[in-house]
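Visitor: This is the structure I have questions about; it appears just below.
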Amino acid sequence: MRKKSITIHKANELTRGGDFLSIHAKRCLNAIYYLIQTNVNNGKTEVIEKLDYIPIEFPYLRKMLGLEKVESYIKEIEDALTELQKATLELNNFRNPKDNEVYQWYSMSFLADASWKLDEKSGKKFAYIALPPLMKHLMIHSNDGNFTALDLIPTINKLRTKYAVKLYEFFKSFERFRYIDLPQDYLLRILGLQDVKTYNSYYELRRLLERQVKELNKKTELEHLKLVEPTKELKKEKIYRFIINPKNKRVLTDRKKIEEMTKSLFKRF
């Protein structure tokens with residue numbers, strides 16, 4: 001029996017930005033997204049907005065992180081939450097939806113605080129998270145502006161690597177395009193590999209990308225995603241062309257336009 005679909009709406013600032021997050025941190029972020037949006041859909045927007053610390057039951061996090069068979073799940077959850085505190089989202093030429101002002105540079109973390117404790121009355125473990133104001137706003141008002149609908153279960157949580165998760169979210173945000181040309185330096189940024197010398201090689205990065213595309217073809221609805229064989233020109237310029245949906249007419253090949261559409265980048269300190 002197919003598992004029930006769990007879908008989130010994620011701002012394109014996140015789906016198109018680069019990151020160093022582990023697969024558990026990615027799943028944890030998506031789990032928080034889903035919890036927030038479920039409450040919003042149930043008419044509890046004001047409750048979430050007023051809460052300084054949002055409680056999350058440990059069994060929920062354990063399931064969403066895929067740790068149901070892992071004995072050290074508490075440590076894994078702690079590590080994922082810590083990682084989200086250390087990761088910083090940096091936005092360029094960003095229009096802040098809270099004040100409608102444009103900022104040439106904007107930086108924030110995913111989590112302000114994180115903790116957990118045992119509730120004495122129920123005997124259950126709860127994590128407590130505090131979100132930075134803008135991050136909470138982006139999660140609550142995810143349907144405003146540009147966003148991508150992402151299927152967590154069974155799609156994203158079946159993917160084995162952080163690279164496959166990143167590329168799935170990225171290409172889903174461009175699924176209305178027939179193909180897109182991505183420069184090597186940009187691919188290294190979105191995958192958090194710009195400091196890994198091995199992948200400065202065109203062929204090594206291509207091998208990594210081919211493995212992820214193969215997994216996405218097999219496990220997600222991106223069955224037409226393809227990394228095409230490079231022409232001499234593409235190879236010389238270190239450009240990777242990805243077919244996303246061959247039935248569509250829109251293409252994205254201009255580097256300046258690509259940079260304009262993908263201006264976010266977050267780093268882990």
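Residues are referred to by chain and number: the chain letter is A, B, ... according to the order shown in the structure tokens, the number counts from 1 in that chain, and ligands are numbered separately from 1 in the order shown.
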Got a sec to tell me which of range 17-234 of chain A DSSP assigns to alpha helix (DSSP H), as JSON, numbers by chain?
Guide: {"A": [23, 24, 25, 26, 27, 28, 29, 30, 31, 32, 33, 34, 35, 36, 37, 38, 39, 40, 41, 45, 46, 47, 48, 49, 50, 58, 59, 60, 61, 62, 63, 64, 73, 74, 75, 76, 77, 78, 79, 80, 81, 82, 83, 84, 85, 86, 133, 134, 135, 136, 137, 138, 139, 140, 162, 163, 164, 165, 166, 167, 168, 169, 170, 171, 172, 184, 185, 186, 187, 188, 189, 190, 202, 203, 204, 205, 206, 207, 208, 209, 210, 211, 212, 213, 214, 215, 216, 217, 218, 219, 232, 233, 234]}
Visitor: Considering only C-alpha atoms, tabulate each residue of range 20-95 of chain A that lies at most 10 Å from range 141-145 of chain A along with its nearest interatomic pair and the corresponding distance in Å to one decimal; arrange the rows by chain and ascending residue number and present them as a Markdown table.
Guide:
```
| residue | atom | partner | partner_atom | distance |
| --- | --- | --- | --- | --- |
| A:Tyr33 | CA | A:Ser142 | CA | 9.2 |
| A:Ile36 | CA | A:His141 | CA | 9.9 |
| A:Gln37 | CA | A:Ser142 | CA | 8.0 |
| A:Val40 | CA | A:His141 | CA | 8.7 |
| A:Thr45 | CA | A:His141 | CA | 9.3 |
```
Visitor: Just to be explicit: take each residue in the selection above, keep C-alpha atoms, and write the result as a compact mmCIF listing (two decimals), in the first residue's frame.
Guide:
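The result, stored in result-v2.txt:
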```
# COMPACT_ATOMS: atom_id res chain seq x y z
CA TYR A 33 8.00 23.05 7.80
CA ILE A 36 4.05 24.67 10.94
CA GLN A 37 2.00 24.39 7.75
CA VAL A 40 -1.69 26.95 9.61
CA THR A 45 -1.78 30.65 12.48
```
Visitor: Looking at only C-alpha atoms, which of A:Ser201, A:Thr262, A:Asn93, A:Thr220 is the one that sits closest to Lys235 in chain A?
Guide: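 Ranked by minimum distance to Lys235 in chain A, first place goes to A:Ser201.
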Visitor: Considering only C-alpha atoms, state which residue in the set A:Ala112, A:Leu67, A:Ile77, A:Ile129 is at the smallest distance from Pro55 in chain A.
Guide: A:Ile129
Visitor: Using only C-alpha atoms, tabulate the residues of range 15-118 of chain A lying at most 9 Å from any atom of range 151-168 of chain A, each with its closest atom pair and that distance in Å to one decimal, by chain and increasing residue number, as CSV.
Guide:
```
residue,atom,partner,partner_atom,distance
A:Thr15,CA,A:Lys166,CA,7.5
A:Arg16,CA,A:Lys166,CA,8.5
A:Gly18,CA,A:Lys166,CA,8.2
A:Asp19,CA,A:Lys166,CA,8.2
A:Phe20,CA,A:Lys162,CA,8.8
A:Leu21,CA,A:Lys162,CA,7.4
A:Ser22,CA,A:Lys162,CA,5.9
A:Ile23,CA,A:Lys162,CA,4.6
A:His24,CA,A:Lys162,CA,8.4
A:Lys26,CA,A:Lys162,CA,7.6
A:Arg27,CA,A:Asn157,CA,7.3
A:Asn30,CA,A:Leu152,CA,7.7
A:Ala31,CA,A:Leu152,CA,8.7
A:Tyr34,CA,A:Leu152,CA,9.0
A:Met64,CA,A:Asn157,CA,7.6
A:Leu65,CA,A:Asn157,CA,7.8
A:Gly66,CA,A:Asn157,CA,7.3
```
Visitor: As an exercise, work out the distance from CA of Glu49 in chain A to CA of Leu150 in chain A in Å and give it to one decimal place.
Guide: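 Atom-to-atom, CA of Glu49 in chain A and CA of Leu150 in chain A are spaced 23.3 Å apart.
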Visitor: Considering only C-alpha atoms, can you say which of A:Ile48, A:Leu29, A:Met261, A:Ile180 comes closest to Val228 in chain A?
Guide: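 With only C-alpha atoms as the atom set, the closest residue is A:Ile180.
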Visitor: Restricting the calculation to only C-alpha atoms, which member of A:Asp181, A:Val251, A:Ala25, A:Leu61 is positioned closest to Lys86 in chain A?
Guide: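 Of A:Asp181, A:Val251, A:Ala25, A:Leu61, the one nearest Lys86 in chain A is A:Ala25, counting only C-alpha atoms.
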Visitor: Separation of CA of Tyr73 in chain A and CA of Ser109 in chain A, in Å?
Guide: 23.6 Å
Visitor: Please measure the separation of CA of His137 in chain A and CA of Lys98 in chain A, giving the value in Å to one decimal.
Guide: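 Between these atoms lies a distance of 7.8 Å.
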Visitor: Which one of A:Thr231, A:Ala130, A:Asp185, A:Lys257 sits closest to Leu51 in chain A if you count only C-alpha atoms?
Guide: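 Ranking A:Thr231, A:Ala130, A:Asp185, A:Lys257 by distance to Leu51 in chain A, first place goes to A:Ala130.
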Visitor: I need the strand (DSSP E) residues of range 155-262 of chain A per DSSP on the backbone, written as a list in words.
Guide: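 Put together, the selection reads Phe177, Arg178, Tyr179, Ile180, Asp181, Leu182, Pro183, Lys226, Leu227, Ile239, Tyr240, Arg241, Phe242, Ile243, Arg250, Val251 and Leu252 of chain A.
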Visitor: Suppose we keep C-alpha atoms; can you now write the selection as a CSV table (one decimal), in the first residue's frame?
Guide:
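Just written: out.csv:
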```csv
chain,number,residue,atom,x,y,z
A,177,PHE,CA,11.2,24.3,-17.9
A,178,ARG,CA,12.2,22.0,-20.7
A,179,TYR,CA,15.9,22.3,-19.8
A,180,ILE,CA,18.3,24.4,-17.8
A,181,ASP,CA,22.0,25.0,-18.3
A,182,LEU,CA,24.0,25.2,-15.0
A,183,PRO,CA,27.6,26.4,-14.7
A,226,LYS,CA,18.5,13.8,-17.8
A,227,LEU,CA,22.0,15.1,-17.8
A,239,ILE,CA,28.2,23.9,-18.5
A,240,TYR,CA,25.9,21.0,-17.5
A,241,ARG,CA,22.6,20.8,-19.4
A,242,PHE,CA,19.7,19.1,-17.6
A,243,ILE,CA,16.5,18.1,-19.4
A,250,ARG,CA,10.7,27.2,-21.7
A,251,VAL,CA,14.5,26.9,-21.4
A,252,LEU,CA,17.0,28.6,-19.2
```
Visitor: Excluding same-chain residues fewer than 5 positions from Tyr186 in chain A, what lies within 10 Å of it counting only C-alpha atoms, as a list in words?
Guide: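 Near neighbours after the sequence-gap exclusion: Gly17, Gly18, Leu191, Gly192, Leu193, Gln194, Ile239, Arg255, Ile258, Glu259 and Thr262 of chain A.
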Visitor: Can you pull out the residues contacting range 101-104 of chain A? Cut-off 9 Å, using only C-alpha atoms, and skip same-chain residues under 5 positions away; I want them as a PDB file with N, CA and C atoms, in the first residue's frame.
Guide:
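File written: selection-v7.pdb
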```pdb
ATOM      1  N   LEU A  91      20.845  35.878   1.791  1.00  0.00           N
ATOM      2  CA  LEU A  91      20.046  36.281   0.641  1.00  0.00           C
ATOM      3  C   LEU A  91      20.570  37.583   0.065  1.00  0.00           C
ATOM      4  N   ASN A  92      20.659  37.663  -1.258  1.00  0.00           N
ATOM      5  CA  ASN A  92      21.127  38.856  -1.946  1.00  0.00           C
ATOM      6  C   ASN A  92      19.977  39.536  -2.676  1.00  0.00           C
ATOM      7  N   ASN A  93      19.932  40.885  -2.582  1.00  0.00           N
ATOM      8  CA  ASN A  93      18.856  41.649  -3.227  1.00  0.00           C
ATOM      9  C   ASN A  93      17.496  41.063  -2.874  1.00  0.00           C
ATOM     10  N   PHE A  94      17.294  40.882  -1.584  1.00  0.00           N
ATOM     11  CA  PHE A  94      16.124  40.190  -1.055  1.00  0.00           C
ATOM     12  C   PHE A  94      15.062  41.176  -0.584  1.00  0.00           C
ATOM     13  N   ARG A  95      13.841  41.010  -1.084  1.00  0.00           N
ATOM     14  CA  ARG A  95      12.718  41.833  -0.629  1.00  0.00           C
ATOM     15  C   ARG A  95      12.087  41.157   0.581  1.00  0.00           C
ATOM     16  N   ASN A  96      12.251  41.778   1.737  1.00  0.00           N
ATOM     17  CA  ASN A  96      11.734  41.226   2.975  1.00  0.00           C
ATOM     18  C   ASN A  96      10.204  41.365   2.994  1.00  0.00           C
TER      19      ASN A  96
END
```
Visitor: Considering only C-alpha atoms, tabulate each residue of range 33-84 of chain A that lies at most 10 Å from range 114-118 of chain A along with its nearest interatomic pair and the corresponding distance in Å to one decimal; arrange the rows by chain and ascending residue number and present them as a Markdown table.
Guide:
```
| residue | atom | partner | partner_atom | distance |
| --- | --- | --- | --- | --- |
| A:Tyr53 | CA | A:Ala114 | CA | 8.6 |
| A:Ile54 | CA | A:Ala114 | CA | 9.5 |
| A:Pro55 | CA | A:Trp116 | CA | 8.8 |
| A:Ile56 | CA | A:Trp116 | CA | 9.0 |
| A:Glu57 | CA | A:Trp116 | CA | 9.4 |
| A:Phe58 | CA | A:Trp116 | CA | 8.8 |
| A:Ile74 | CA | A:Trp116 | CA | 9.6 |
| A:Ile77 | CA | A:Trp116 | CA | 9.9 |
| A:Glu78 | CA | A:Ser115 | CA | 8.1 |
| A:Leu81 | CA | A:Ala114 | CA | 6.5 |
| A:Thr82 | CA | A:Ala114 | CA | 7.4 |
| A:Leu84 | CA | A:Ala114 | CA | 9.3 |
```
